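First comes the structure, then the notes that go with it.
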Amino acid sequence: MSAAAHAAKLGISHVLLEKTDHLSDTIYKYQKGKHVMATPSQLVLRAGGGLQFEAGKRETILGIWDEMTAAAKVNVKLNAEIKSIAGTGDPIPGSIQKTTTRNRDGTTVVKELQRLAPPYKLVTTSGEEIIADTIILAIGTQGNPNLLGCPGAQQPHIQYQLDDPAAYNDEHIFVFGGGDAGIENALGLAADAAQGNIVTLMNRGAEFSTAKDANVKALLAARDAGRINVMTETQPRAIEDEWVVLDTRDGEVRARCNRLIARIGSAPPRGFVEACGVEFASNDRLAFPKLSAVFESTAPGIFIVGALAGYPLIKHCMNQGHDVVEFINGNTELKPADEPILEAKFKGLPAGKSVSDWLEYLRSNVGILDGMSALQMREFMLDSEARAYRAGEVIFERNAPGSSLFGVADGQVLVEINPNDPSITVPIGKGEIFGEVGLISGRRRGATIRAGSDCVLVEISRSAALKLMSAVPAASREVTRITTLRSLLQIFKSGLGADDLTDVVASARIETIRAGQTIIKEGETGDDIYIIRSGSMVVEKTIGGKPVFLSYVPAGSYVGEMAVINGDARSATVRAAVKSDVIKLEGESFRSLLANKPELMARVRDDMASRIQHNAFIESKKDSFGGVVDMYSGVANFLVDNGIGEATDVLLIDEKLCVGCDNCEKACADSHDGLSRLDREAGRTYAHLHVPTSCRHCEHPHCMADCPPNAIHRGPTGEVYIDDTCIGCGNCQRNCPYGVIRMDKVPPKKPWLLNWLLFGQGPGPGEPSKKWSYKNAKKGVETPKKAVKCDMCTGQSGGPACVRACPTGAAIRVSPEQFLSVALLDRGAE
Amino acid sequence: MAGQAAGNANRKASGKAIVRAPREITHEGFLTHRRSRWLKIALFLSALAIAVYIFTDPQPRANGGSVAGYALGTIGALLIVWLSLIGLRKRIITSKPYSLKGWTSAHVYLGLSLIVIGTLHTGFQLGWNVHSAAYVLMMIVILSGIYGIIVYGRLPGKLSANRQEATQPQMLEAIRALDRQLDTAAQPLGKDEADLVRVSLEQTDIGGNLWQRLTGQQPNCGTAKARDAIQALVNQQMRTVKPDPRLTQILFLLERKSAALAQARRHIRMKTQLEIWLYLHVPATFALLAALIAHILSVFLYW
Ligand SMILES: Cc1cc2nc3c(=O)[nH]c(=O)nc-3n(C[C@H](O)[C@H](O)[C@H](O)COP(=O)(O)OP(=O)(O)OC[C@H]3O[C@@H](n4cnc5c(N)ncnc54)[C@H](O)[C@@H]3O)c2cc1C
Ligand code: HEM
Ligand code: SF4
Ligand code: SF4
Ligand code: SF4
């Protein structure tokens, strides 16, 4: 839209093709009244054709845009979904597009496509054809919903979206799809019994494995309360007028159906885009199209901007619409709108270079950045920092939290490998990277690193690093190689050098282990060693016919050493607590390493001895106090089943002590803008140990995965927090598997506590009721709904307020390693 | 306050190994807090008071006016003021380290030591005056506190077991959902039978008045009545013909509703018991503070 408006202004012949009957479908689909935010605020708006964009209500913004596109005389064609784009010119020599599609069974198919020169022919779904010299693809990333394939799928009462659940009354409604979208729709339709809908949710599988726990629970509760029918292992076979035929586990069923809502996922637009001749950076799910510095794709004449190009904020999208038309119009001088931001980033560096020189300097000096295009470097730098350090300055300390990766562009840094003696160091030179362990495992830094000489470093944030690895496969391989090597050095220390490990590293393989999958089985033979790169494992042993929990092994540790040393069969079973990455080392090469390195041997023996002692302790307890150990195992397994394996800090409530006063919630609200970040009563309980709904500060936070303004970070004390740039899109809320993020407005300030105590003014301690907030809200000021979650009370010198405020000591916030230790045995003894 | 915005400024990754604010991670209840430190202190204080009382031998007889009496009185009055401050500590959420658990622990044991200190301070002289009123109020506060400790010790585990992972709003919602099903199921019934269902829908109080909340007993519960009546109808039909399936369906729903009600009422009963004593403990504290002031003023004015 921005591009078209700019083209209109410059008098360039253009047409804006839109598949729906309105512009800006993604924004159109926001919930009613959503406050749309205009971040990043430092970025100037340079929208095409004088379009405006300011933060405001969805309706207002869409209204203004409609007026402005009309006023700018943009040539708009609605209801024109493009089905295919193909060149009509001669074959471009040597330009062959290869696309790889992966089948469900894991095999891949490679298709080849000869690119043809422009002009291009665009075909709409209605069969209309349009010829264009240049095409700007700005189709976003929403994609198309997957459609039903069964007979009758054209029936008008089938829909793929639900805008307003309140709009339907007295209908037999089937919702197909047991993911979050389907469950939320079904719950919405059944929420008000007065609507009289009879709602049935169908799921193809037996379990709701892709949906959030909170949603599944709500669904099952609604089913038990008789509000929703749930049919698992069911799918529609045929759809008729007013009826649907279902395939169920017990055979075919025919049921009345006035409406069928299919929420069976959506296909990202990648397939369509590839078919146009556009190549993507890699096969990674996160990858974006390969683009030149002027947004041109590998298909000459096809330009890509907006979310599809990897810029998910409205302001970026609009700026690029303007810029790309300028470029096409021959303006080569134009500096991108992010220029001032980048300039500011390079300000602190010596030797004033221009932004593009700096980018080129970093790209050519830091090995892993080599494969990037100029445009990718720009975007990359927005999420990264470049800094100069003087010789001797500390870059990060041991045990500092941090998930960023560093690249050395100039100079060298020194790693203090022995915490007790800072003079023993290992250098890392120009072009290399460090900090990768934090990036991969999300754990604290393993060593202090200082500048060895004056140096220039680039600090790559976790999100930028992940994007980099998906865009440049070579970078990804390099990071993997270095992490393997370094994690070995770090775990085994003992005076090992990189040279000693060449053989072992060559034998190393990285494997991804599903949650619950076993890597070592008690009683089997095998002598591979596993290093846990990310995630965590539990160790169990069968005693008296029952599996007994022995210990919890976090990322950064290794398992499997006993068999290598004593050659016996495996003495315990090790399985993944959560999805984990492990480095598998062959026993043979490790054994020869041990033979050559007596120090290492001694160290591994030490580790092994203390583990054997620990296991023996638990086994001895099992003989004398069987119940205690069963309880210990039970509690540990319960916690692991509830995702504690990926937590770094979790709130637990001992329900033998909790008197239900909710002072924890009140304290949280009173110390955090009046909104509580925990729900005490909700959540699972086992043997009086309750895991309330509150953030666990995951190692690799799911909530961070898809935050358009990149507002979720890990702070210096390990907390995961959301900063002020949150735009309220709700992605993090959907992505958090533990349902701990809420979207809410900050309530107005309450009168002082003593005014309440003495005169009864205001709502008292804790979160004010919605009614009070509504009544006391400042008139005319719109407070946006933003994502709200626990920040671990960082900045409060007393630590978590919820814990401090509990009168009975029921509430504690701990890391899983702290809690899943032998101390847990005492609990069982109570 | 320490909102998110305030925190952000100093959050720039500095590479420093910032130590996390120290916090308590020991898993200990308030009664055993720090290996029962406050129990020991309170016992020591009480022993000291008894020793002072025994070894000083005031003339003409022990009372609040002797030196030892003044000492015990001062300690007692300060303790009472401090004990009352837990009400503020509980509600003013500051960011500095403190542990309400530690406060509760100290509160309970020092509060109990007041039995010794206060009683000795009176020198066992009680009468119908403002001084004795303060003493009686103090004992009321303390006795209610003791009740509180008993319920705090006994009920949480049961409360948790009864919940079965359901929250209070979920329990209430489950009952409402059963009501909706009952309403639908009653549509095809004749008027008399539908009226029975109506009794359950309209005359069921989940919580009820204070007494009913405290005991969890509701002798006039509409659902129980309706269930019994329908049960009787079904039994009657059973003797002659096959019972009306619509009625057995309703009976089934009513039984589920009774079970859900029983769970919710047990929940409410225990929550009320965990709370009710504070409605004596706290007002009596205010009365005690007033009586204490009167007591001290009258001592100094009319001595
Ligand atoms: C809930 C939510 C809240 C958000 N809130 C904000 C916010 O407050 N501030 C902010 O800056 N960003 C926000 N974002 C992000 C922002 O909305 C998107 O990044 C932005 O809309 C992307 O713009 P785009 O032009 O690249 O693509 P889109 O806005 O997705 O536009 C693509 C258009 O192309 C059409 N189209 C697709 N395929 C075809 C085809 N084959 N033929 C013809 N037309 C086609 C679509 O119908 C659509 O209208 C939010 C996102 C979500 C999901
Ligand atoms: C004269 C002595 C005492 C005074 C003045 C006093 C006063 C108070 C006050 C004002 C509160 C705050 C209640 C609230 O705001 O919610 C309180 C709470 C409490 N008191 Fe006392 N109290 C006394 C003695 C005791 C004793 C002897 C016990 C126990 C044996 C006790 C046990 C408690 C408990 C358990 C709480 C609740 C803590 C909580 O849940 O937050 N008190 N007391
Ligand atoms: S909010 Fe993020 S860090 Fe917290 S539990 Fe959810 S996914 Fe994990
Ligand atoms: S740690 Fe702080 S922010 Fe997190 S739940 Fe507790 S009180 Fe709330
Ligand atoms: S403050 Fe403690 S006792 Fe009160 S509800 Fe929270 S966990 Fe339970």
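So you can find residues: chains in the structure tokens are A, B, ... in the order shown, residues in each start at 1, and ligands are numbered from 1 in order.
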Ligand 5 neighbours within 7 Å using only C-alpha atoms and all ligand atoms, as a PyMOL selection string
chain A and resi 653+657-665+680+802+805-811
Each chain B residue no farther than 9 Å from ligand 2, nearest pair in Å, only C-alpha atoms and all ligand atoms, as a tab-separated table:
residue	atom	partner	partner_atom_place_in_ligand_line	distance
B:Gly76	CA	ligand 2	1 (C)	8.7
B:Ala77	CA	ligand 2	1 (C)	9.0
B:Leu79	CA	ligand 2	2 (C)	7.6
B:Ile80	CA	ligand 2	5 (C)	4.8
B:Val81	CA	ligand 2	5 (C)	6.6
B:Trp82	CA	ligand 2	5 (C)	7.6
B:Leu83	CA	ligand 2	4 (C)	4.8
B:Ser84	CA	ligand 2	10 (C)	3.9
B:Leu85	CA	ligand 2	10 (C)	6.2
B:Ile86	CA	ligand 2	12 (C)	5.3
B:Gly87	CA	ligand 2	15 (O)	3.6
B:Leu88	CA	ligand 2	15 (O)	6.9
B:Arg89	CA	ligand 2	15 (O)	8.5
B:Lys90	CA	ligand 2	41 (O)	6.1
B:Arg91	CA	ligand 2	15 (O)	7.8
B:Leu100	CA	ligand 2	41 (O)	7.7
B:Lys101	CA	ligand 2	41 (O)	8.6
B:Trp103	CA	ligand 2	38 (C)	8.5
B:Thr104	CA	ligand 2	38 (C)	5.7
B:Ser105	CA	ligand 2	35 (C)	8.3
B:His107	CA	ligand 2	42 (N)	6.0
B:Val108	CA	ligand 2	29 (C)	4.1
B:Tyr109	CA	ligand 2	30 (C)	6.7
B:Leu110	CA	ligand 2	27 (C)	7.1
B:Gly111	CA	ligand 2	27 (C)	3.8
B:Leu112	CA	ligand 2	27 (C)	4.2
B:Ser113	CA	ligand 2	27 (C)	7.6
B:Leu114	CA	ligand 2	1 (C)	6.9
B:Ile115	CA	ligand 2	27 (C)	7.9
B:Leu137	CA	ligand 2	1 (C)	8.1
B:Met138	CA	ligand 2	1 (C)	4.8
B:Met139	CA	ligand 2	1 (C)	7.1
B:Ile140	CA	ligand 2	1 (C)	8.3
B:Val141	CA	ligand 2	1 (C)	5.5
B:Ile142	CA	ligand 2	27 (C)	3.9
B:Leu143	CA	ligand 2	27 (C)	6.7
B:Ser144	CA	ligand 2	28 (C)	7.2
B:Gly145	CA	ligand 2	28 (C)	3.6
B:Ile146	CA	ligand 2	30 (C)	3.9
B:Tyr147	CA	ligand 2	30 (C)	7.3
B:Gly148	CA	ligand 2	35 (C)	5.4
B:Ile149	CA	ligand 2	35 (C)	5.4
B:Ile150	CA	ligand 2	30 (C)	8.5
B:Tyr152	CA	ligand 2	35 (C)	7.2
B:Leu274	CA	ligand 2	40 (O)	8.9
B:Glu275	CA	ligand 2	40 (O)	8.4
B:Leu278	CA	ligand 2	13 (C)	6.1
B:Tyr279	CA	ligand 2	13 (C)	8.6
B:His281	CA	ligand 2	8 (C)	6.3
B:Val282	CA	ligand 2	10 (C)	5.1
B:Pro283	CA	ligand 2	10 (C)	8.2
B:Ala284	CA	ligand 2	5 (C)	8.0
B:Thr285	CA	ligand 2	5 (C)	4.9
B:Phe286	CA	ligand 2	10 (C)	7.7
B:Leu288	CA	ligand 2	5 (C)	7.2
B:Leu289	CA	ligand 2	5 (C)	7.6
Residue with smallest distance to chain B - pool A:Arg514, A:His614, A:Lys353, A:Arg450, counting only C-alpha atoms:
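Counting only C-alpha atoms, the residue closest to chain B is A:Arg450.
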Can you work out which one of B:Lys191, B:Arg37, B:Lys225, B:Arg23 has the shortest atom-to-atom distance to ligand 4, counting only C-alpha atoms and all ligand atoms?
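For ligand 4, the nearest of the candidates is B:Arg23.
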Name the residues of region 235-343 of chain A that fall into strand (DSSP E or B) according to DSSP on the backbone, using the chain letters and numbers of this document, as a VMD selection string.
chain A and resid 235 to 240 243 to 248 251 to 256 259 to 262 266 to 267 280 289 296 302 to 304
If you count only C-alpha atoms and all ligand atoms, which residues end up within 8 Å of ligand 1, as a compact mmCIF listing (two decimals) with N, CA, C and O atoms, in the first residue's frame?
# COMPACT_ATOMS: atom_id res chain seq x y z
N MET A 1 0.83 -1.19 0.00
CA MET A 1 0.00 0.00 0.00
C MET A 1 0.87 1.25 0.00
O MET A 1 0.65 2.19 -0.76
N LEU A 17 -2.67 -4.92 -5.93
CA LEU A 17 -3.52 -6.11 -5.95
C LEU A 17 -3.70 -6.63 -4.53
O LEU A 17 -2.74 -6.81 -3.80
N GLU A 18 -4.93 -6.88 -4.14
CA GLU A 18 -5.22 -7.34 -2.78
C GLU A 18 -6.20 -8.49 -2.85
O GLU A 18 -7.20 -8.42 -3.55
N LYS A 19 -5.91 -9.53 -2.10
CA LYS A 19 -6.75 -10.72 -2.25
C LYS A 19 -8.08 -10.60 -1.53
O LYS A 19 -9.06 -11.21 -1.92
N THR A 20 -8.15 -9.80 -0.46
CA THR A 20 -9.41 -9.70 0.27
C THR A 20 -10.20 -8.49 -0.24
O THR A 20 -9.78 -7.84 -1.20
N HIS A 22 -10.60 -5.75 1.36
CA HIS A 22 -10.18 -4.54 2.08
C HIS A 22 -8.65 -4.53 2.08
O HIS A 22 -8.03 -5.58 1.89
N LEU A 23 -8.06 -3.40 2.35
CA LEU A 23 -6.59 -3.32 2.38
C LEU A 23 -6.07 -3.78 3.73
O LEU A 23 -6.81 -3.85 4.71
N SER A 24 -4.78 -4.05 3.80
CA SER A 24 -4.08 -4.34 5.06
C SER A 24 -4.77 -5.41 5.88
O SER A 24 -5.20 -5.18 7.00
N ASP A 25 -4.88 -6.58 5.31
CA ASP A 25 -5.67 -7.63 5.95
C ASP A 25 -5.14 -8.03 7.33
O ASP A 25 -5.92 -8.31 8.23
N THR A 26 -3.84 -8.04 7.51
CA THR A 26 -3.30 -8.45 8.81
C THR A 26 -3.79 -7.52 9.91
O THR A 26 -4.21 -7.95 10.98
N ILE A 27 -3.73 -6.24 9.61
CA ILE A 27 -4.16 -5.27 10.61
C ILE A 27 -5.68 -5.29 10.74
O ILE A 27 -6.23 -5.18 11.84
N LYS A 29 -7.43 -7.79 10.65
CA LYS A 29 -7.80 -8.93 11.48
C LYS A 29 -7.41 -8.78 12.94
O LYS A 29 -7.70 -9.66 13.74
N TYR A 30 -6.75 -7.71 13.33
CA TYR A 30 -6.48 -7.50 14.75
C TYR A 30 -7.82 -7.49 15.48
O TYR A 30 -8.85 -7.17 14.88
N GLN A 31 -7.78 -7.73 16.79
CA GLN A 31 -9.05 -7.71 17.48
C GLN A 31 -9.60 -6.28 17.47
O GLN A 31 -8.83 -5.32 17.36
N LYS A 34 -8.11 -2.68 18.92
CA LYS A 34 -6.72 -2.84 19.36
C LYS A 34 -5.95 -1.55 19.17
O LYS A 34 -6.09 -0.85 18.17
N HIS A 35 -5.12 -1.27 20.15
CA HIS A 35 -4.26 -0.11 20.06
C HIS A 35 -3.04 -0.51 19.23
O HIS A 35 -2.26 -1.34 19.64
N VAL A 36 -2.90 0.10 18.07
CA VAL A 36 -1.77 -0.26 17.21
C VAL A 36 -0.60 0.63 17.55
O VAL A 36 -0.75 1.84 17.69
N MET A 37 0.55 0.05 17.72
CA MET A 37 1.69 0.85 18.17
C MET A 37 2.67 1.14 17.04
O MET A 37 2.82 0.35 16.11
N ALA A 38 3.31 2.30 17.16
CA ALA A 38 4.23 2.73 16.10
C ALA A 38 5.65 2.64 16.60
O ALA A 38 6.27 3.63 16.93
N THR A 39 6.15 1.42 16.71
CA THR A 39 7.54 1.24 17.14
C THR A 39 8.37 0.87 15.91
O THR A 39 7.81 0.43 14.92
N PRO A 40 9.68 0.97 15.94
CA PRO A 40 10.52 1.60 16.96
C PRO A 40 10.42 3.12 16.88
O PRO A 40 10.37 3.67 15.79
N ALA A 55 0.56 5.86 16.23
CA ALA A 55 -0.07 4.90 17.12
C ALA A 55 -1.52 5.31 17.32
O ALA A 55 -1.84 6.49 17.40
N ASN A 79 -10.11 -8.02 -4.09
CA ASN A 79 -10.53 -9.38 -4.44
C ASN A 79 -9.70 -9.95 -5.59
O ASN A 79 -10.22 -10.63 -6.46
N ALA A 80 -8.43 -9.60 -5.61
CA ALA A 80 -7.58 -10.11 -6.69
C ALA A 80 -6.44 -10.88 -6.06
O ALA A 80 -5.38 -10.32 -5.79
N GLU A 81 -6.67 -12.14 -5.78
CA GLU A 81 -5.61 -12.95 -5.18
C GLU A 81 -4.73 -13.50 -6.28
O GLU A 81 -5.21 -14.11 -7.23
N ILE A 82 -3.43 -13.29 -6.12
CA ILE A 82 -2.52 -13.76 -7.15
C ILE A 82 -2.21 -15.23 -6.92
O ILE A 82 -1.83 -15.64 -5.82
N LYS A 83 -2.40 -15.99 -7.99
CA LYS A 83 -2.20 -17.43 -7.90
C LYS A 83 -0.81 -17.80 -8.38
O LYS A 83 -0.17 -18.68 -7.83
N SER A 84 -0.36 -17.12 -9.42
CA SER A 84 0.97 -17.46 -9.92
C SER A 84 1.60 -16.25 -10.59
O SER A 84 0.92 -15.34 -11.05
N THR A 124 -4.67 -14.14 -11.47
CA THR A 124 -5.44 -14.14 -10.22
C THR A 124 -6.26 -15.41 -10.14
O THR A 124 -6.42 -16.13 -11.13
N ALA A 138 4.53 -7.84 -1.23
CA ALA A 138 4.42 -7.40 0.17
C ALA A 138 3.27 -8.15 0.79
O ALA A 138 2.34 -7.57 1.32
N ILE A 139 3.32 -9.48 0.68
CA ILE A 139 2.16 -10.26 1.07
C ILE A 139 2.23 -10.73 2.52
O ILE A 139 1.42 -11.53 2.95
N GLY A 140 3.16 -10.22 3.28
CA GLY A 140 3.18 -10.56 4.70
C GLY A 140 3.51 -12.03 4.92
O GLY A 140 3.91 -12.75 4.00
N THR A 141 3.33 -12.49 6.14
CA THR A 141 3.68 -13.86 6.46
C THR A 141 2.48 -14.64 6.96
O THR A 141 2.62 -15.74 7.46
N GLN A 142 1.29 -14.03 6.88
CA GLN A 142 0.13 -14.72 7.45
C GLN A 142 -0.22 -15.97 6.65
O GLN A 142 -0.69 -16.94 7.21
N GLY A 143 0.00 -15.90 5.33
CA GLY A 143 -0.26 -17.08 4.51
C GLY A 143 -1.73 -17.37 4.38
O GLY A 143 -2.58 -16.57 4.73
N ASN A 144 -2.02 -18.54 3.89
CA ASN A 144 -3.40 -18.94 3.69
C ASN A 144 -3.73 -20.08 4.64
O ASN A 144 -2.91 -20.96 4.85
N PRO A 269 3.42 -18.48 3.20
CA PRO A 269 3.40 -18.17 1.77
C PRO A 269 4.67 -18.61 1.04
O PRO A 269 4.81 -18.37 -0.15
N PHE A 272 4.40 -20.38 -2.43
CA PHE A 272 3.98 -19.48 -3.50
C PHE A 272 5.15 -18.59 -3.94
O PHE A 272 5.40 -18.40 -5.14
N VAL A 305 9.26 -6.63 0.16
CA VAL A 305 9.37 -5.76 1.33
C VAL A 305 8.42 -6.25 2.42
O VAL A 305 7.57 -7.10 2.19
N GLY A 306 8.55 -5.67 3.60
CA GLY A 306 7.60 -5.91 4.68
C GLY A 306 7.92 -7.17 5.46
O GLY A 306 9.05 -7.66 5.47
N ALA A 307 6.89 -7.71 6.10
CA ALA A 307 7.07 -8.84 6.99
C ALA A 307 7.70 -10.02 6.24
O ALA A 307 8.53 -10.75 6.78
N LEU A 308 7.33 -10.18 4.98
CA LEU A 308 7.88 -11.28 4.20
C LEU A 308 9.39 -11.15 4.03
O LEU A 308 10.11 -12.14 3.95
N ALA A 309 9.87 -9.90 4.01
CA ALA A 309 11.31 -9.68 3.86
C ALA A 309 12.02 -9.79 5.20
O ALA A 309 13.23 -9.66 5.28
N TYR A 311 10.89 -7.96 8.08
CA TYR A 311 10.73 -6.74 8.88
C TYR A 311 9.30 -6.69 9.39
O TYR A 311 8.41 -6.21 8.70
N PRO A 312 9.06 -7.16 10.60
CA PRO A 312 7.69 -7.37 11.01
C PRO A 312 7.00 -6.16 11.66
O PRO A 312 5.99 -6.33 12.30
N LEU A 313 7.54 -4.97 11.57
CA LEU A 313 6.83 -3.84 12.17
C LEU A 313 6.26 -2.93 11.09
O LEU A 313 6.86 -2.74 10.03
N ILE A 314 5.11 -2.35 11.42
CA ILE A 314 4.38 -1.59 10.41
C ILE A 314 5.24 -0.46 9.85
O ILE A 314 5.27 -0.20 8.65
N LYS A 315 5.97 0.21 10.75
CA LYS A 315 6.77 1.34 10.30
C LYS A 315 7.84 0.91 9.29
O LYS A 315 8.01 1.55 8.25
N HIS A 316 8.54 -0.20 9.61
CA HIS A 316 9.51 -0.72 8.65
C HIS A 316 8.84 -0.95 7.31
O HIS A 316 9.35 -0.59 6.25
N CYS A 317 7.67 -1.61 7.38
CA CYS A 317 6.99 -2.00 6.15
C CYS A 317 6.68 -0.78 5.31
O CYS A 317 6.90 -0.76 4.10
N MET A 318 6.19 0.27 5.96
CA MET A 318 5.79 1.45 5.20
C MET A 318 7.02 2.15 4.63
O MET A 318 7.02 2.61 3.48
N PRO A 708 7.42 -9.20 17.39
CA PRO A 708 7.82 -8.28 16.31
C PRO A 708 8.80 -7.18 16.75
O PRO A 708 9.81 -6.98 16.06
N PRO A 709 8.58 -6.46 17.85
CA PRO A 709 9.57 -5.43 18.18
C PRO A 709 10.75 -5.97 18.98
O PRO A 709 11.56 -5.18 19.46
N ILE A 727 4.20 -4.22 21.63
CA ILE A 727 3.13 -3.63 20.85
C ILE A 727 1.79 -4.29 21.12
O ILE A 727 0.79 -3.99 20.48
N GLY A 728 1.78 -5.22 22.06
CA GLY A 728 0.51 -5.83 22.43
C GLY A 728 -0.05 -6.79 21.40
O GLY A 728 -1.26 -6.97 21.32
N CYS A 729 0.81 -7.44 20.61
CA CYS A 729 0.28 -8.30 19.55
C CYS A 729 -0.20 -9.64 20.10
O CYS A 729 -0.95 -10.35 19.44
N GLY A 730 0.24 -10.02 21.30
CA GLY A 730 -0.25 -11.27 21.88
C GLY A 730 0.49 -12.51 21.44
O GLY A 730 0.14 -13.61 21.84
N ASN A 731 1.52 -12.37 20.61
CA ASN A 731 2.26 -13.55 20.16
C ASN A 731 2.89 -14.30 21.32
O ASN A 731 2.87 -15.52 21.38
Would you pick out the contacts of Arg213 (chain B) at 9 Å or less, using only C-alpha atoms, so that residues sharing its chain but fewer than 4 positions from it are not included, and give the list as a list in words?
Ile206, Gly207, Gly208, Asn209, Gln217, Gln218, Arg265, Arg266, Ile268, Arg269, Met270, Lys271, Thr272 and Gln273 of chain B
Counting only C-alpha atoms and all ligand atoms, what are the residues, protein, DNA or RNA alike, that approach ligand 3 to within 10 Å? I want them as an MDAnalysis selection string.
chainID A and resid 643:644 646:650 693:705 712:714 719:722 732:742 787:791
Distance filter 8 Å, only C-alpha atoms, chain A against chain B, as a PyMOL selection string:
chain A and resi 193+225-227+394-402+655-660+663+667+670-673+681-685+688+715-717+722-724+753+765+791+794-801+803-810+812-814
Please, could you write that set of residues out with C-alpha atoms as a short mmCIF file (atom, residue, chain, number, x, y, z; two decimals), in the first residue's frame?
data_model
loop_
_atom_site.label_atom_id
_atom_site.label_comp_id
_atom_site.auth_asym_id
_atom_site.auth_seq_id
_atom_site.Cartn_x
_atom_site.Cartn_y
_atom_site.Cartn_z
CA ALA A 193 -24.95 -20.58 27.06
CA ALA A 225 -19.31 -29.23 32.36
CA GLY A 226 -21.29 -30.28 29.31
CA ARG A 227 -20.76 -27.12 27.33
CA VAL A 394 36.50 -7.13 31.01
CA ILE A 395 33.95 -8.08 28.38
CA PHE A 396 31.95 -10.40 30.56
CA GLU A 397 32.50 -12.16 33.83
CA ARG A 398 32.13 -15.78 34.72
CA ASN A 399 28.57 -16.53 35.83
CA ALA A 400 27.17 -13.42 34.18
CA PRO A 401 23.97 -14.30 32.38
CA GLY A 402 23.96 -13.62 28.68
CA GLU A 655 0.09 -26.43 49.97
CA LYS A 656 0.64 -27.88 53.38
CA LEU A 657 1.50 -24.35 54.41
CA CYS A 658 -0.48 -22.13 52.08
CA VAL A 659 -3.46 -20.62 53.86
CA GLY A 660 -4.89 -19.14 50.67
CA ASN A 663 -0.87 -12.10 49.84
CA ALA A 667 2.39 -8.23 46.78
CA ASP A 670 1.52 -3.81 44.44
CA SER A 671 5.13 -3.98 43.36
CA HIS A 672 4.37 -4.15 39.63
CA ASP A 673 2.09 -1.38 38.36
CA GLU A 681 -4.72 -21.06 42.64
CA ALA A 682 -4.37 -22.15 39.03
CA GLY A 683 -1.85 -24.77 38.03
CA ARG A 684 -1.01 -28.36 38.80
CA THR A 685 -0.51 -29.94 42.21
CA HIS A 688 0.61 -30.82 48.11
CA GLY A 715 18.12 -9.58 31.95
CA PRO A 716 21.37 -9.53 33.84
CA THR A 717 20.15 -11.71 36.68
CA ILE A 722 9.31 -7.58 28.46
CA ASP A 723 10.32 -4.00 27.85
CA ASP A 724 8.25 -0.93 26.98
CA LEU A 753 -2.51 2.49 51.61
CA PRO A 765 -3.97 -3.87 48.60
CA ASP A 791 10.19 -10.10 35.93
CA THR A 794 14.66 -7.66 39.42
CA GLY A 795 15.72 -4.33 40.81
CA GLN A 796 14.09 -5.07 44.15
CA SER A 797 16.88 -5.70 46.58
CA GLY A 798 14.74 -8.08 48.59
CA GLY A 799 14.15 -10.50 45.73
CA PRO A 800 10.76 -11.88 44.70
CA ALA A 801 7.98 -9.96 46.42
CA VAL A 803 8.04 -14.97 48.36
CA ARG A 804 8.80 -12.20 50.84
CA ALA A 805 5.13 -11.50 51.37
CA CYS A 806 4.05 -15.03 52.16
CA PRO A 807 3.28 -15.17 55.89
CA THR A 808 3.72 -18.90 56.23
CA GLY A 809 6.71 -19.66 54.02
CA ALA A 810 4.60 -21.65 51.58
CA ILE A 812 9.47 -20.26 47.30
CA ARG A 813 11.16 -19.36 44.06
CA VAL A 814 14.00 -21.73 43.19
#
Show me, as a PyMOL selection string, the residues that have an atom within 12 Å of Ala281 (chain A) when counting only C-alpha atoms, minus same-chain residues fewer than 3 positions from it.
chain A and resi 98-99+270+274+278+284-292+297-298+309-310+371-373+376+467-474
Go through A:Arg677, A:Lys217, A:Lys212, A:Arg509 one by one, measure the shortest atom-to-atom distance of each to ligand 4 using only C-alpha atoms and all ligand atoms, and give the residue with the smallest value.
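Going through A:Arg677, A:Lys217, A:Lys212, A:Arg509 one by one, the smallest distance to ligand 4 is for A:Arg677.
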At what distance in Å, to one decimal, does CA of Ala186 (chain B) lie from CA of Gln195 (chain A)?
18.4 Å
